[in-house]
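One structure is given here, and the rest of the page talks about it.
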Protein chains: 2
Amino acid sequence: MKELNPLLHSQLRLAVMSILMNVEEADFVYLKEKTESTAGNLSVQLDKLVNAGYITATKGFVGKKTRTVCHITAQGRAAFEEYVEALKDYLNL
Amino acid sequence: MKELNPLLHSQLRLAVMSILMNVEEADFVYLKEKTESTAGNLSVQLDKLVNAGYITATKGFVGKKTRTVCHITAQGRAAFEEYVEALKDYLNL
DNA sequence: TAAAGCGGTTTATAATATAAACTAAATTTC
DNA sequence: GAAATTTAGTTTATATTATAAACCGCTTTA
């Protein structure tokens, strides 16, 4: 049986990746609202995705307020698609 | 966003459930081989599925050798199907 | 200028997954 | 027929993960 990429096999990281697959860019606050996660949890999980090279998180400003914008990378896109394929084995889709 | 049932959102338990969805019955040794898991891990995860009421695990004999046979329950079947539906939200299937 | 809010990060804790060590019975080997 | 090996698991210890709580620096508002 195929392995399920453990980096993606996590509820919150999967939700984030799924959003970023469809949205070209999303900031921290948006991801937090969409996923209904706490800021702490989101921060930790985003770090893991960044470290894996699956997303980028760029800090910038909107006026004087900080804003962290996330993008999916080509590598992240590929990993997500591979994960979906592996999951199909488990779910018989 | 829908919750992913944490009892099913585990690689090994999901693999076991997927097998039992399609197989009417499967014994411990068969599940161990199919999932390529260790006996210890499988034993623990089967217990959790039994405690959740998702499967039954019945001990019996084949000649003098013990044999644990697993079946999925109606509740397990329903939970699996619900999990698949929830996952589709995450994967855009 | 004190207090409250925003956008996060760090850290502590609880839950989970996993393998390693163990057990008890059966089978094989010498 | 006793010792070693295998089989079918269970229990326990450990590493990993997820999560929330506490915190931090800056900004706005009262």
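To be explicit about the labels: the chains of the structure tokens are called A, B, and onward in the order shown, and within each one the residues are counted from 1, while ligands get numbers from 1 in the order they are shown.
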TODO: Give me, as a VMD selection string, the contact residues of chain C against chain A at a cut-off of 12 Å, counting only C-alpha atoms (C1' of nucleotides).
DONE: chain C and resid 6 to 11 16 to 17
Grab the residues selected above and save them as a PDB file, in the first residue's frame with C-alpha atoms (C1' of nucleotides).
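Saved as part.pdb:
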```
ATOM      1  C1'  DC C   6      -4.431  42.847  15.995  1.00  0.00           C
ATOM      2  C1'  DG C   7      -1.208  39.652  13.998  1.00  0.00           C
ATOM      3  C1'  DG C   8       1.237  36.663  14.995  1.00  0.00           C
ATOM      4  C1'  DT C   9       5.185  33.316  17.744  1.00  0.00           C
ATOM      5  C1'  DT C  10       6.840  30.454  21.471  1.00  0.00           C
ATOM      6  C1'  DT C  11       6.207  27.075  24.769  1.00  0.00           C
ATOM      7  C1'  DT C  16      -1.249   9.727  18.758  1.00  0.00           C
ATOM      8  C1'  DA C  17       1.381   6.648  16.311  1.00  0.00           C
TER       9       DA C  17
END
```
Chain B least-squares fitted onto chain A over all paired Cα atoms, as a compact mmCIF listing (two decimals) with C-alpha atoms, in the first residue's frame:
```txt
# COMPACT_ATOMS: atom_id res chain seq x y z
CA MET B 1 0.04 0.03 0.04
CA LYS B 2 1.23 3.52 -0.86
CA GLU B 3 2.37 5.78 1.95
CA LEU B 4 0.31 8.81 2.83
CA ASN B 5 2.67 11.78 3.01
CA PRO B 6 2.54 12.53 6.74
CA LEU B 7 3.14 16.20 6.15
CA LEU B 8 -0.12 16.43 4.29
CA HIS B 9 -2.00 13.85 6.31
CA SER B 10 -2.93 16.35 8.98
CA GLN B 11 -6.29 18.02 9.14
CA LEU B 12 -5.12 21.59 9.36
CA ARG B 13 -2.22 21.36 6.94
CA LEU B 14 -4.43 19.59 4.44
CA ALA B 15 -7.07 22.31 4.76
CA VAL B 16 -4.45 25.01 4.23
CA MET B 17 -3.02 23.26 1.20
CA SER B 18 -6.45 22.70 -0.25
CA ILE B 19 -7.22 26.40 0.04
CA LEU B 20 -3.89 27.38 -1.47
CA MET B 21 -4.45 24.98 -4.38
CA ASN B 22 -7.43 27.07 -5.44
CA VAL B 23 -6.60 30.60 -4.43
CA GLU B 24 -3.23 31.78 -5.74
CA GLU B 25 -2.63 33.65 -2.46
CA ALA B 26 -4.08 33.82 1.02
CA ASP B 27 -3.01 35.69 4.12
CA PHE B 28 -2.72 34.41 7.67
CA VAL B 29 -5.98 35.95 8.83
CA TYR B 30 -7.91 34.53 5.90
CA LEU B 31 -6.51 31.06 6.46
CA LYS B 32 -7.28 31.29 10.14
CA GLU B 33 -10.90 32.17 9.46
CA LYS B 34 -11.43 29.65 6.69
CA THR B 35 -9.93 26.77 8.63
CA GLU B 36 -11.42 27.87 11.98
CA SER B 37 -8.10 27.20 13.63
CA THR B 38 -6.34 29.00 16.44
CA ALA B 39 -3.51 31.34 15.50
CA GLY B 40 -0.98 29.26 17.40
CA ASN B 41 -1.84 26.04 15.68
CA LEU B 42 -1.93 27.71 12.29
CA SER B 43 1.44 29.35 12.86
CA VAL B 44 3.06 26.01 13.72
CA GLN B 45 1.52 24.16 10.79
CA LEU B 46 2.39 26.91 8.30
CA ASP B 47 5.99 26.71 9.47
CA LYS B 48 6.06 23.02 8.70
CA LEU B 49 4.69 23.57 5.22
CA VAL B 50 7.23 26.33 4.63
CA ASN B 51 10.09 24.15 5.86
CA ALA B 52 8.95 21.36 3.56
CA GLY B 53 9.05 23.77 0.65
CA TYR B 54 5.35 23.30 -0.01
CA ILE B 55 4.37 26.93 0.52
CA THR B 56 5.96 30.32 0.92
CA ALA B 57 4.96 32.75 3.65
CA THR B 58 6.00 36.32 3.02
CA LYS B 59 5.71 39.04 5.62
CA GLY B 60 4.73 42.45 4.42
CA PHE B 61 2.69 45.47 5.40
CA VAL B 62 -0.76 46.83 4.64
CA GLY B 63 -0.39 50.41 5.79
CA LYS B 64 1.18 49.93 9.19
CA LYS B 65 -0.22 46.49 9.88
CA THR B 66 1.78 43.36 9.24
CA ARG B 67 0.43 40.80 6.83
CA THR B 68 1.74 37.33 6.05
CA VAL B 69 0.84 36.14 2.60
CA CYS B 70 1.04 32.46 1.63
CA HIS B 71 1.46 30.87 -1.77
CA ILE B 72 1.68 27.25 -2.76
CA THR B 73 4.88 26.21 -4.55
CA ALA B 74 5.20 23.88 -7.54
CA GLN B 75 6.60 21.30 -5.16
CA GLY B 76 3.62 21.74 -2.85
CA ARG B 77 1.22 21.38 -5.73
CA ALA B 78 2.91 18.16 -6.84
CA ALA B 79 2.93 16.75 -3.30
CA PHE B 80 -0.75 17.55 -2.87
CA GLU B 81 -1.66 15.82 -6.10
CA GLU B 82 0.39 12.78 -5.18
CA TYR B 83 -1.28 12.67 -1.79
CA VAL B 84 -4.69 12.72 -3.40
CA GLU B 85 -3.73 9.82 -5.65
CA ALA B 86 -2.44 7.81 -2.68
CA LEU B 87 -5.63 8.52 -0.75
CA LYS B 88 -7.76 7.17 -3.54
CA ASP B 89 -6.22 3.75 -2.86
CA TYR B 90 -7.43 3.98 0.70
CA LEU B 91 -10.90 5.23 -0.11
CA ASN B 92 -11.58 3.32 -3.31
CA LEU B 93 -12.47 6.43 -5.26
```
At a cut-off of 8 Å, list the chain D residues touching chain B, using only C-alpha atoms (C1' of nucleotides), as a short mmCIF file (atom, residue, chain, number, x, y, z; two decimals) with N, CA and C atoms (P, O5', C5', C4', C3', O3' and C1' of nucleotides), in the first residue's frame.
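Saved file selection12.cif follows:
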```
data_model
loop_
_atom_site.label_atom_id
_atom_site.label_comp_id
_atom_site.auth_asym_id
_atom_site.auth_seq_id
_atom_site.Cartn_x
_atom_site.Cartn_y
_atom_site.Cartn_z
P DA D 8 -0.11 -17.38 12.48
"O5'" DA D 8 -0.60 -16.64 13.80
"C5'" DA D 8 -1.43 -17.34 14.73
"C4'" DA D 8 -1.73 -16.41 15.88
"C3'" DA D 8 -2.22 -15.02 15.45
"O3'" DA D 8 -3.27 -14.60 16.31
"C1'" DA D 8 -0.41 -14.80 16.87
P DG D 9 -4.30 -13.55 15.76
"O5'" DG D 9 -3.47 -12.21 15.95
"C5'" DG D 9 -3.83 -11.36 16.94
"C4'" DG D 9 -3.03 -11.59 18.24
"C3'" DG D 9 -2.98 -10.33 19.06
"O3'" DG D 9 -4.09 -10.29 19.92
"C1'" DG D 9 -0.93 -11.57 19.16
P DT D 10 -4.55 -8.94 20.53
"O5'" DT D 10 -3.49 -8.75 21.72
"C5'" DT D 10 -3.45 -9.71 22.78
"C4'" DT D 10 -2.53 -9.19 23.88
"C3'" DT D 10 -2.87 -7.80 24.37
"O3'" DT D 10 -2.85 -7.84 25.79
"C1'" DT D 10 -0.62 -7.85 23.68
#
```
Task: region 1-89 of chain A: residues DSSP assigns to strand (DSSP E), reported as a VMD selection string - done: chain A and resid 26 to 27 55 to 62 65 to 72
Now that the selection is made, can you save its residues with C-alpha atoms as an mmCIF file, in the first residue's frame?
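See result_17.cif below for the written result:
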```cif
data_model
loop_
_atom_site.group_PDB
_atom_site.id
_atom_site.type_symbol
_atom_site.label_atom_id
_atom_site.label_comp_id
_atom_site.auth_asym_id
_atom_site.auth_seq_id
_atom_site.Cartn_x
_atom_site.Cartn_y
_atom_site.Cartn_z
ATOM 1 C CA ALA A 26 -4.072 33.830 0.994
ATOM 2 C CA ASP A 27 -3.010 35.674 4.110
ATOM 3 C CA ILE A 55 4.368 26.930 0.503
ATOM 4 C CA THR A 56 5.967 30.342 0.904
ATOM 5 C CA ALA A 57 4.962 32.782 3.630
ATOM 6 C CA THR A 58 6.019 36.347 3.013
ATOM 7 C CA LYS A 59 5.713 39.058 5.612
ATOM 8 C CA GLY A 60 4.739 42.494 4.439
ATOM 9 C CA PHE A 61 2.690 45.483 5.439
ATOM 10 C CA VAL A 62 -0.720 46.858 4.682
ATOM 11 C CA LYS A 65 -0.244 46.466 9.915
ATOM 12 C CA THR A 66 1.769 43.355 9.270
ATOM 13 C CA ARG A 67 0.430 40.802 6.853
ATOM 14 C CA THR A 68 1.725 37.321 6.054
ATOM 15 C CA VAL A 69 0.826 36.146 2.587
ATOM 16 C CA CYS A 70 1.035 32.477 1.614
ATOM 17 C CA HIS A 71 1.461 30.875 -1.787
ATOM 18 C CA ILE A 72 1.686 27.257 -2.771
#
```
TODO: Would you kindly return, as JSON, numbers by chain, each protein, DNA or RNA residue with an atom no farther than 12 Å from any atom of DA4 (chain D), considering only C-alpha atoms (C1' of nucleotides) and excluding same-chain residues fewer than 2 positions away?
DONE: {"C": [27, 28, 29, 30], "D": [2, 6]}
Writing out the chosen residues with C-alpha atoms (C1' of nucleotides) as a compact mmCIF listing (two decimals), in the first residue's frame:
```txt
# COMPACT_ATOMS: atom_id res chain seq x y z
C1' DT C 27 5.54 -26.49 15.89
C1' DT C 28 9.91 -27.97 14.40
C1' DT C 29 14.62 -29.67 15.06
C1' DC C 30 18.08 -32.28 17.10
C1' DA D 2 13.70 -31.15 25.52
C1' DT D 6 7.63 -19.78 14.95
```
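Atom pair C1' of DA12 (chain C) / C1' of DT14 (chain D) has a distance of 18.6 Å (rounded to one decimal).
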TODO: Pull the alpha helix (DSSP H) assignments for chain A out of DSSP run on the backbone, and list those residues as an MDAnalysis selection string.
DONE: chainID A and resid 11:23 28:35 39:51 74:91
Next, the residues of the selection above should be written as a compact mmCIF listing (two decimals), in the first residue's frame with C-alpha atoms.
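Result file part-v9.txt:
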```
# COMPACT_ATOMS: atom_id res chain seq x y z
CA GLN A 11 -6.31 18.02 9.13
CA LEU A 12 -5.14 21.61 9.35
CA ARG A 13 -2.22 21.37 6.93
CA LEU A 14 -4.44 19.61 4.43
CA ALA A 15 -7.08 22.33 4.75
CA VAL A 16 -4.46 25.02 4.19
CA MET A 17 -3.01 23.26 1.19
CA SER A 18 -6.44 22.71 -0.26
CA ILE A 19 -7.22 26.42 0.02
CA LEU A 20 -3.88 27.40 -1.50
CA MET A 21 -4.44 24.99 -4.38
CA ASN A 22 -7.42 27.09 -5.45
CA VAL A 23 -6.60 30.62 -4.46
CA PHE A 28 -2.73 34.42 7.65
CA VAL A 29 -5.98 35.94 8.83
CA TYR A 30 -7.92 34.54 5.92
CA LEU A 31 -6.49 31.05 6.45
CA LYS A 32 -7.28 31.27 10.15
CA GLU A 33 -10.90 32.16 9.47
CA LYS A 34 -11.42 29.65 6.68
CA THR A 35 -9.92 26.78 8.62
CA ALA A 39 -3.49 31.36 15.50
CA GLY A 40 -0.96 29.27 17.41
CA ASN A 41 -1.83 26.06 15.70
CA LEU A 42 -1.94 27.71 12.30
CA SER A 43 1.43 29.36 12.84
CA VAL A 44 3.04 26.03 13.71
CA GLN A 45 1.50 24.19 10.78
CA LEU A 46 2.38 26.92 8.29
CA ASP A 47 5.99 26.72 9.46
CA LYS A 48 6.05 23.03 8.69
CA LEU A 49 4.68 23.59 5.21
CA VAL A 50 7.23 26.34 4.61
CA ASN A 51 10.09 24.16 5.85
CA ALA A 74 5.20 23.88 -7.54
CA GLN A 75 6.59 21.28 -5.16
CA GLY A 76 3.62 21.72 -2.86
CA ARG A 77 1.22 21.37 -5.73
CA ALA A 78 2.91 18.14 -6.83
CA ALA A 79 2.92 16.73 -3.30
CA PHE A 80 -0.75 17.53 -2.88
CA GLU A 81 -1.65 15.80 -6.11
CA GLU A 82 0.40 12.77 -5.17
CA TYR A 83 -1.28 12.65 -1.79
CA VAL A 84 -4.70 12.70 -3.42
CA GLU A 85 -3.72 9.79 -5.64
CA ALA A 86 -2.45 7.80 -2.67
CA LEU A 87 -5.63 8.50 -0.74
CA LYS A 88 -7.75 7.13 -3.53
CA ASP A 89 -6.20 3.73 -2.85
CA TYR A 90 -7.41 3.95 0.72
CA LEU A 91 -10.88 5.17 -0.09
```
- [ ] Figure out the distance between C1' of DT23 (chain C) and C1' of DT7 (chain D), please, to one decimal in Å.
- [x]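 C1' of DT23 (chain C) lies at a distance of 12.0 Å from C1' of DT7 (chain D).
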